[in-house]
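**Student:** Contents are mmCIF, C-alpha atoms; file name final.cif:
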data_query
#
loop_
_atom_site.label_atom_id
_atom_site.label_comp_id
_atom_site.auth_asym_id
_atom_site.auth_seq_id
_atom_site.Cartn_x
_atom_site.Cartn_y
_atom_site.Cartn_z
CA MET A 1 101.55 211.89 127.71
CA THR A 2 101.40 209.62 130.70
CA THR A 3 103.18 206.28 130.75
CA PRO A 4 100.83 203.26 130.73
CA ASP A 5 100.79 201.01 133.76
CA THR A 6 103.18 198.10 133.56
CA ALA A 7 101.55 194.98 132.14
CA PRO A 8 101.56 191.73 134.13
CA ASP A 9 104.67 189.61 133.74
CA SER A 10 102.64 187.09 131.78
CA ALA A 11 102.01 189.53 128.93
CA PRO A 12 103.85 188.63 125.72
CA ASP A 13 106.58 190.97 124.48
CA SER A 14 104.47 191.94 121.47
CA VAL A 15 101.99 193.73 123.73
CA ARG A 16 103.97 194.48 126.87
CA PRO A 17 104.50 198.24 127.52
CA TYR A 18 107.85 199.35 128.91
CA GLY A 19 107.76 202.08 131.51
CA ALA A 20 111.47 202.80 131.98
CA GLY A 21 112.34 202.79 128.32
CA VAL A 22 113.99 200.54 125.78
CA ALA A 23 117.71 200.82 125.08
CA VAL A 24 118.80 199.85 121.57
CA LEU A 25 122.31 198.52 120.98
CA SER A 26 123.25 197.66 117.42
CA ASP A 27 126.33 196.36 115.61
CA ILE A 28 128.36 195.52 118.70
CA HIS A 29 130.77 193.46 116.60
CA ALA A 30 132.27 191.72 119.62
CA VAL A 31 133.94 194.88 120.94
CA LEU A 32 133.55 194.00 124.59
CA PRO A 33 135.06 197.21 126.05
CA ALA A 34 132.52 199.29 124.13
CA LEU A 35 129.68 197.04 125.27
CA GLU A 36 130.81 197.30 128.88
CA ALA A 37 130.90 201.09 128.59
CA VAL A 38 127.32 201.38 127.34
CA LEU A 39 125.95 198.82 129.79
CA ALA A 40 127.35 201.02 132.58
CA GLU A 41 125.16 203.93 131.43
CA PRO A 42 122.46 204.61 134.07
CA ASP A 43 119.69 204.74 131.45
CA VAL A 44 120.76 201.40 129.98
CA HIS A 45 121.04 199.89 133.44
CA ALA A 46 117.49 201.09 134.23
CA ALA A 47 115.92 200.15 130.88
CA ASP A 48 113.17 197.54 130.93
CA ARG A 49 114.47 195.99 127.76
CA ILE A 50 117.76 196.10 125.85
CA VAL A 51 117.16 195.38 122.18
CA LEU A 52 120.18 194.01 120.30
CA THR A 53 119.63 194.72 116.62
CA GLY A 54 122.16 192.36 115.10
CA ASP A 55 125.80 191.94 114.10
CA LEU A 56 126.63 191.11 117.68
CA LEU A 57 129.61 188.73 117.66
CA ALA A 58 131.44 189.29 114.37
CA GLY A 59 134.57 190.84 115.81
CA PRO A 60 137.62 190.34 118.00
CA LEU A 61 136.11 189.11 121.32
CA PRO A 62 133.13 186.94 120.36
CA ARG A 63 132.99 184.43 123.21
CA GLN A 64 133.48 187.07 125.88
CA THR A 65 130.87 189.34 124.29
CA LEU A 66 128.34 186.52 124.05
CA ALA A 67 128.81 185.72 127.73
CA ARG A 68 128.24 189.35 128.70
CA LEU A 69 125.11 189.63 126.57
CA ARG A 70 123.69 186.40 127.93
CA ALA A 71 124.20 187.75 131.43
CA LEU A 72 121.49 190.33 130.63
CA GLY A 73 118.96 187.51 130.90
CA ASP A 74 115.36 188.26 129.98
CA ARG A 75 116.03 191.97 129.59
CA ALA A 76 117.79 191.28 126.29
CA VAL A 77 115.79 191.05 123.07
CA TRP A 78 117.97 189.44 120.41
CA ILE A 79 117.70 190.08 116.66
CA SER A 80 119.84 188.53 113.94
CA GLY A 81 122.06 190.57 111.68
CA ASN A 82 123.62 189.48 108.42
CA ALA A 83 126.95 188.77 110.12
CA ASP A 84 125.23 186.64 112.78
CA ARG A 85 123.40 184.68 110.08
CA GLU A 86 126.59 184.13 108.09
CA MET A 87 128.51 183.04 111.19
CA ALA A 88 125.76 180.57 112.12
CA ALA A 89 125.96 179.04 108.64
CA ALA A 90 129.76 178.82 108.64
CA ARG A 91 131.17 175.47 107.56
CA PRO A 92 134.55 174.49 106.06
CA GLY A 93 134.48 175.98 102.60
CA ASN A 94 131.53 178.21 103.49
CA GLU A 95 133.10 180.71 105.86
CA PRO A 96 131.97 184.36 106.01
CA GLY A 97 133.74 186.49 103.43
CA ASP A 98 135.13 188.91 105.97
CA PRO A 99 138.30 187.43 107.57
CA MET A 100 137.45 188.72 111.06
CA ASP A 101 133.93 187.31 110.83
CA ALA A 102 135.28 183.96 109.69
CA TRP A 103 137.75 183.90 112.58
CA ALA A 104 135.01 184.85 115.07
CA ALA A 105 132.76 182.06 113.81
CA GLY A 106 135.59 179.61 114.47
CA GLN A 107 135.76 180.68 118.11
CA LEU A 108 132.17 179.62 118.82
CA GLY A 109 130.97 176.12 119.56
CA PRO A 110 128.14 174.31 117.75
CA ASP A 111 125.57 175.26 120.40
CA GLU A 112 126.57 178.92 120.23
CA LEU A 113 126.38 178.95 116.43
CA GLU A 114 123.00 177.23 116.62
CA PHE A 115 121.84 179.95 119.00
CA LEU A 116 122.92 182.64 116.52
CA GLY A 117 121.06 180.83 113.78
CA SER A 118 117.87 180.77 115.85
CA LEU A 119 117.62 184.55 116.26
CA PRO A 120 114.62 186.27 114.65
CA ALA A 121 114.98 188.76 111.80
CA THR A 122 112.49 191.19 113.35
CA VAL A 123 110.79 191.79 116.68
CA THR A 124 107.86 194.11 117.40
CA LEU A 125 107.46 195.60 120.89
CA GLU A 126 104.89 198.02 122.30
CA VAL A 127 106.76 201.11 123.55
CA PRO A 128 104.94 203.81 125.56
CA GLY A 129 104.18 206.83 123.43
CA LEU A 130 105.35 205.13 120.25
CA GLY A 131 102.97 202.20 119.99
CA PRO A 132 104.17 199.08 118.18
CA VAL A 133 107.83 199.48 117.23
CA LEU A 134 109.43 197.14 114.70
CA PHE A 135 113.09 196.34 115.32
CA CYS A 136 115.27 194.84 112.59
CA HIS A 137 118.88 194.82 111.45
CA ALA A 138 119.08 196.51 108.04
CA THR A 139 115.50 196.87 106.81
CA PRO A 140 112.31 195.03 107.78
CA ARG A 141 112.55 192.80 104.72
CA ASP A 142 116.29 192.12 104.31
CA ASP A 143 119.28 192.00 106.66
CA THR A 144 121.74 193.38 104.09
CA GLU A 145 119.62 196.04 102.40
CA ILE A 146 120.92 199.61 102.38
CA ALA A 147 118.72 202.53 103.42
CA LEU A 148 120.40 205.72 104.57
CA VAL A 149 119.45 209.04 106.08
CA ASP A 150 119.75 210.62 102.62
CA SER A 151 118.13 207.79 100.64
CA ARG A 152 115.45 209.03 98.27
CA PRO A 153 111.78 208.78 99.35
CA GLU A 154 111.11 206.11 96.73
CA ARG A 155 113.73 203.88 98.37
CA TRP A 156 112.09 204.23 101.76
CA ALA A 157 108.72 203.41 100.21
CA GLU A 158 110.25 200.17 98.88
CA VAL A 159 111.84 199.00 102.11
CA LEU A 160 108.85 199.91 104.31
CA ALA A 161 106.18 198.55 101.97
CA GLY A 162 105.50 195.39 103.97
CA VAL A 163 105.42 196.96 107.42
CA PRO A 164 101.99 196.70 109.09
CA ASP A 165 100.00 199.94 109.11
CA ALA A 166 99.87 199.96 112.92
CA VAL A 167 103.67 200.22 113.14
CA ARG A 168 104.66 203.87 112.97
CA THR A 169 108.25 203.50 114.23
CA VAL A 170 110.96 201.28 112.73
CA VAL A 171 114.37 200.82 114.35
CA CYS A 172 117.22 199.48 112.24
CA GLY A 173 121.02 199.25 112.27
CA HIS A 174 123.55 197.82 109.78
CA THR A 175 125.10 201.02 108.40
CA HIS A 176 126.77 202.12 111.67
CA MET A 177 125.64 205.76 111.43
CA PRO A 178 122.98 207.19 113.77
CA PHE A 179 120.00 209.07 112.40
CA VAL A 180 116.29 209.77 112.87
CA ARG A 181 114.19 210.34 109.78
CA PHE A 182 110.45 210.80 109.27
CA THR A 183 109.30 209.30 105.99
CA HIS A 184 106.00 208.03 104.61
CA GLY A 185 104.28 208.63 107.93
CA ARG A 186 106.81 206.60 109.91
CA LEU A 187 109.70 207.44 112.17
CA VAL A 188 112.86 205.53 111.24
CA VAL A 189 115.60 205.33 113.88
CA ASN A 190 119.14 204.04 113.44
CA PRO A 191 121.08 204.05 116.74
CA GLY A 192 124.46 203.71 115.05
CA SER A 193 127.08 201.17 116.10
CA VAL A 194 128.35 200.15 119.52
CA GLY A 195 131.61 198.60 118.34
CA MET A 196 132.33 199.88 114.82
CA PRO A 197 131.28 203.54 114.71
CA TYR A 198 131.77 205.66 111.63
CA GLY A 199 132.52 209.33 112.18
CA ARG A 200 133.80 209.46 115.78
CA PRO A 201 135.01 207.04 118.44
CA GLY A 202 132.67 205.97 121.20
CA VAL A 203 129.44 204.05 121.50
CA HIS A 204 126.35 205.15 119.58
CA TRP A 205 123.00 203.87 120.87
CA ALA A 206 119.38 204.92 121.30
CA LEU A 207 116.84 205.21 124.09
CA LEU A 208 113.12 204.88 123.37
CA GLY A 209 110.06 205.48 125.47
CA PRO A 210 110.66 207.39 128.70
CA GLY A 211 109.10 210.83 128.74
CA GLY A 212 106.06 209.89 126.69
CA GLY A 213 107.60 208.20 123.67
CA ALA A 214 110.79 210.19 123.24
CA VAL A 215 113.44 208.94 120.83
CA THR A 216 116.93 209.94 121.88
CA LEU A 217 120.17 209.24 120.06
CA ARG A 218 122.95 208.83 122.60
CA HIS A 219 126.75 208.74 122.54
CA THR A 220 128.95 207.21 125.24
CA ALA A 221 132.60 208.13 125.27
CA PHE A 222 135.07 205.61 126.66
CA ASP A 223 138.83 205.03 126.61
CA HIS A 224 139.08 203.67 123.09
CA GLU A 225 142.88 203.71 123.19
CA ALA A 226 142.83 201.36 126.17
CA ALA A 227 140.17 199.31 124.39
CA CYS A 228 142.41 198.86 121.36
CA ALA A 229 145.27 197.69 123.59
CA ARG A 230 142.96 195.26 125.40
CA ILE A 231 141.64 193.82 122.15
CA ALA A 232 145.17 193.29 120.82
CA ARG A 233 146.11 191.58 124.07
CA GLU A 234 143.04 189.40 124.62
CA SER A 235 141.59 188.58 121.21
CA GLY A 236 143.75 185.87 119.72
CA SER A 237 142.88 187.02 116.20
CA PRO A 238 146.05 187.75 114.19
CA SER A 239 144.38 190.85 112.75
CA ALA A 240 142.90 192.11 116.04
CA ALA A 241 145.29 195.03 116.54
CA ALA A 242 144.85 196.36 113.00
CA TRP A 243 141.08 195.77 113.10
CA ALA A 244 140.73 197.72 116.34
CA ASP A 245 142.96 200.50 115.07
CA THR A 246 140.62 200.99 112.12
CA TYR A 247 137.20 200.44 113.65
CA VAL A 248 137.40 201.18 117.38
CA ARG A 249 139.31 204.37 116.66
CA ALA A 250 136.66 205.17 113.99
CA ARG A 251 139.11 206.10 111.28
CA CYS A 252 136.32 206.00 108.67
CA SER A 253 134.33 209.23 108.54
CA ALA A 254 130.56 209.29 108.19
CA GLU A 255 131.00 211.08 104.86
CA GLU A 256 133.24 208.28 103.56
CA ALA A 257 130.76 205.69 104.78
CA LEU A 258 127.85 207.43 103.07
CA ALA A 259 129.82 207.59 99.82
CA ALA A 260 130.64 203.88 100.07
CA PHE A 261 127.14 202.74 101.04
CA GLY A 262 125.23 205.19 98.83
CA PRO A 263 125.27 203.20 95.58
CA GLY A 264 123.78 200.25 97.46
CA ASP A 265 120.46 202.02 97.91
CA GLY A 266 119.90 202.23 94.17
CA ARG A 267 120.24 206.00 94.00
CA ASN A 268 122.09 205.77 90.70
CA ALA A 269 119.68 203.32 89.08
CA ALA A 270 118.03 204.37 85.87
CA PRO A 271 114.37 205.42 86.19
CA GLY A 272 112.04 202.44 86.02
CA THR A 273 114.66 199.91 87.11
CA ASP A 274 114.93 198.13 90.43
CA GLY A 275 116.98 199.95 93.06
#
What is this file in structure tokens?
**Tutor:**
Amino acid sequence: MTTPDTAPDSAPDSVRPYGAGVAVLSDIHAVLPALEAVLAEPDVHAADRIVLTGDLLAGPLPRQTLARLRALGDRAVWISGNADREMAAARPGNEPGDPMDAWAAGQLGPDELEFLGSLPATVTLEVPGLGPVLFCHATPRDDTEIALVDSRPERWAEVLAGVPDAVRTVVCGHTHMPFVRFTHGRLVVNPGSVGMPYGRPGVHWALLGPGGGAVTLRHTAFDHEAACARIARESGSPSAAAWADTYVRARCSAEEALAAFGPGDGRNAAPGTDG
């Protein structure tokens, strides 16, 4: 399939085709060394758009990560995740439940928190070969909802029920494990996590579009040991070293993560009850 001609710069994002592809980075969690590693990838550098599917700054280097993401300028398409939303709403007595997220929220100024609170829950872009692609954090209808590669078909029918018929590809994040699944006539893509991978260290991300609508799950290895040392040195969070040791080194396996997340998709619900 040939790639459509590039639309004029005045075309809105909802209809603009992207000729060099769309890179998808999810769940960065303020791990700046991991972000720097993936932004150095040639295909990310060349991408027309870099879609950021939420949970961007809830982690050990929030201010530095925000500055690096803002430096992407108009190439970046920002989407809110549940951690971003909770950080934006943080007030004394209403801090995020996760200690690292609460600490990260405290590192941001009012304008930065307001920016997080302004991010959309979903964005739809026209991608060559894929047509309209809906990007979200967890599911199109909820930023905390669980849907996994092995979720039952009925669960996917629930979470995709409100997606417009014209959208045949949905890209989500939230569960930090990469997968591609075809269900109910739609392709569902999860790029995995940039900063908090489950299963193996390194950056998980996705590339959409080049080559006539290809969907490619990608992995970028980087020096995660040096990253852990840098986070412990530069973060300022009292739990930074332990946090990095757990999450940047990916000490949680994908199998453990699936077991932990699995009940959240309603798989054990009695027939006829809500999942």
**Student:** Using all atoms listed in the file, can you tell me which of A:Val194, A:Ala76, A:Ala30, A:Val22 comes closest to Glu126 of chain A?
**Tutor:**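 Answer, going by the shortest atom-to-atom distance: A:Val22.
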**Student:** On this file, the PyMOL selection byres ((chain A and resi 87) around 9) gives some set of residues; write that set as a JSON list (two decimals) with C-alpha atoms, in the coordinates of the input.
**Tutor:**
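Saved as part26.json:
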[["chain", "number", "residue", "atom", "x", "y", "z"],
["A", 57, "LEU", "CA", 129.61, 188.73, 117.66],
["A", 58, "ALA", "CA", 131.44, 189.29, 114.37],
["A", 82, "ASN", "CA", 123.62, 189.48, 108.42],
["A", 83, "ALA", "CA", 126.95, 188.77, 110.12],
["A", 84, "ASP", "CA", 125.23, 186.64, 112.78],
["A", 85, "ARG", "CA", 123.40, 184.68, 110.08],
["A", 86, "GLU", "CA", 126.59, 184.13, 108.09],
["A", 88, "ALA", "CA", 125.76, 180.57, 112.12],
["A", 89, "ALA", "CA", 125.96, 179.04, 108.64],
["A", 90, "ALA", "CA", 129.76, 178.82, 108.64],
["A", 91, "ARG", "CA", 131.17, 175.47, 107.56],
["A", 95, "GLU", "CA", 133.10, 180.71, 105.86],
["A", 96, "PRO", "CA", 131.97, 184.36, 106.01],
["A", 101, "ASP", "CA", 133.93, 187.31, 110.83],
["A", 102, "ALA", "CA", 135.28, 183.96, 109.69],
["A", 104, "ALA", "CA", 135.01, 184.85, 115.07],
["A", 105, "ALA", "CA", 132.76, 182.06, 113.81],
["A", 106, "GLY", "CA", 135.59, 179.61, 114.47],
["A", 113, "LEU", "CA", 126.38, 178.95, 116.43],
["A", 116, "LEU", "CA", 122.92, 182.64, 116.52],
["A", 117, "GLY", "CA", 121.06, 180.83, 113.78]]
**Student:** Give me, as a VMD selection string, all polymer residues having an atom no more than 6 Å from segment 237-248 of chain A, counting only C-alpha atoms and skipping those fewer than 6 positions away in the same chain.
**Tutor:** chain A and resid 60 196 228
**Student:** Mind telling me what the PyMOL selection byres ((chain A and resi 62-73) around 10) catches here, as a PyMOL selection string?
**Tutor:** chain A and resi 28-33+35-36+39+45+49-50+52+56-61+74-78+101+103-109+112+234-235
**Student:** With only C-alpha atoms as the counted atoms, please give the residues lying no more than 10 Å from segment 264-269 of chain A, apart from itself and same-chain residues fewer than 5 positions off, as a short mmCIF file (atom, residue, chain, number, x, y, z; two decimals) with C-alpha atoms, keeping the file's coordinate frame.
**Tutor:**
data_model
loop_
_atom_site.label_atom_id
_atom_site.label_comp_id
_atom_site.auth_asym_id
_atom_site.auth_seq_id
_atom_site.Cartn_x
_atom_site.Cartn_y
_atom_site.Cartn_z
CA THR A 144 121.74 193.38 104.09
CA GLU A 145 119.62 196.04 102.40
CA ILE A 146 120.92 199.61 102.38
CA ALA A 147 118.72 202.53 103.42
CA LEU A 148 120.40 205.72 104.57
CA ASP A 150 119.75 210.62 102.62
CA SER A 151 118.13 207.79 100.64
CA ARG A 152 115.45 209.03 98.27
CA GLU A 154 111.11 206.11 96.73
CA ARG A 155 113.73 203.88 98.37
CA TRP A 156 112.09 204.23 101.76
CA LEU A 258 127.85 207.43 103.07
CA ALA A 259 129.82 207.59 99.82
CA ASP A 274 114.93 198.13 90.43
CA GLY A 275 116.98 199.95 93.06
#
**Student:** Kindly compute an axis-aligned box around the listed atoms of segment 103-109 of chain A, allowing 5 Å on each side, and express its centre and edge lengths in Å to one decimal as AutoDock Vina command-line options.
**Tutor:**
--center_x 134.4 --center_y 180.5 --center_z 116.1 --size_x 16.8 --size_y 18.7 --size_z 17.0
**Student:** Identify all residues satisfying the PyMOL selection byres ((chain A and resi 26) around 8) in the given file; provide them as a ChimeraX atom specification.
**Tutor:** /A:24-25,27-28,52-56,137,173-174,191-194,205
**Student:** Keeping C-alpha atoms, export the residues of the selection given above as a short mmCIF file (atom, residue, chain, number, x, y, z; two decimals), keeping the file's coordinate frame.
**Tutor:**
data_model
loop_
_atom_site.label_atom_id
_atom_site.label_comp_id
_atom_site.auth_asym_id
_atom_site.auth_seq_id
_atom_site.Cartn_x
_atom_site.Cartn_y
_atom_site.Cartn_z
CA VAL A 24 118.80 199.85 121.57
CA LEU A 25 122.31 198.52 120.98
CA ASP A 27 126.33 196.36 115.61
CA ILE A 28 128.36 195.52 118.70
CA LEU A 52 120.18 194.01 120.30
CA THR A 53 119.63 194.72 116.62
CA GLY A 54 122.16 192.36 115.10
CA ASP A 55 125.80 191.94 114.10
CA LEU A 56 126.63 191.11 117.68
CA HIS A 137 118.88 194.82 111.45
CA GLY A 173 121.02 199.25 112.27
CA HIS A 174 123.55 197.82 109.78
CA PRO A 191 121.08 204.05 116.74
CA GLY A 192 124.46 203.71 115.05
CA SER A 193 127.08 201.17 116.10
CA VAL A 194 128.35 200.15 119.52
CA TRP A 205 123.00 203.87 120.87
#
**Student:** For Gly21 of chain A, please output as a VMD selection string all residues within 10 Å (counting all atoms listed in the file; exclusion window: fewer than 4 positions along the same chain).
**Tutor:** chain A and resid 17 43 to 44 46 to 50 127 to 128 207 to 215
**Student:** Given all atoms listed in the file as the basis, pick out the residue of A:Leu160, A:Val189, A:Val51, A:Val149 nearest to Thr124 of chain A.
**Tutor:** A:Val51
**Student:** Kindly give the distance, in Å, that separates atom CA of Gly97 of chain A and atom CA of Ser80 of chain A, rounded to a single decimal.
**Tutor:**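 Computing it gives 17.5 Å between the two atoms.
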**Student:** Identify, on the basis of only C-alpha atoms, every residue whose closest approach to segment 251-257 of chain A does not exceed 7 Å; exclude the query and any residue fewer than 5 positions from it along the same chain; express the result as a PyMOL selection string.
**Tutor:** chain A and resi 177+198-199+246
**Student:** What's the separation between atom CA of Ala40 of chain A and atom CA of Gly202 of chain A, in Å to one decimal place?
**Tutor:**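 Those two atoms sit 13.5 Å apart.
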**Student:** So, with all atoms listed in the file as the atoms that count, which of A:His204, A:Arg186, A:His176, A:Arg168 lies closest to Pro132 of chain A?
**Tutor:**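 With all atoms listed in the file as the atom set, the closest residue is A:Arg168.
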**Student:** Rank nothing, just name the residue among A:Thr183, A:Ala221, A:Pro92, A:Gly81 nearest to Leu119 of chain A, using only C-alpha atoms.
**Tutor:**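 Answer, going by the shortest atom-to-atom distance: A:Gly81.
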**Student:** Let me make sure I understand: among A:Gly131, A:Pro42, A:Ala23, A:Ile79, which one has the smallest atom-to-atom distance to Leu217 of chain A if we use all atoms listed in the file?
**Tutor:**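 Once distances to Leu217 of chain A are computed over all atoms listed in the file, the minimum belongs to A:Ala23.
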**Student:** One decimal, Å: what's the distance from atom CA of Ala37 of chain A over to atom CA of Phe222 of chain A, could you say?
**Tutor:**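 Spanning atom CA of Ala37 of chain A to atom CA of Phe222 of chain A is a straight-line distance of 6.4 Å.
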**Student:** So, with only C-alpha atoms as the atoms that count, which of A:Glu225, A:Glu114, A:Glu158, A:Asp165 lies closest to Val133 of chain A?
**Tutor:**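 Nearest candidate to Val133 of chain A out of A:Glu225, A:Glu114, A:Glu158, A:Asp165: A:Asp165.
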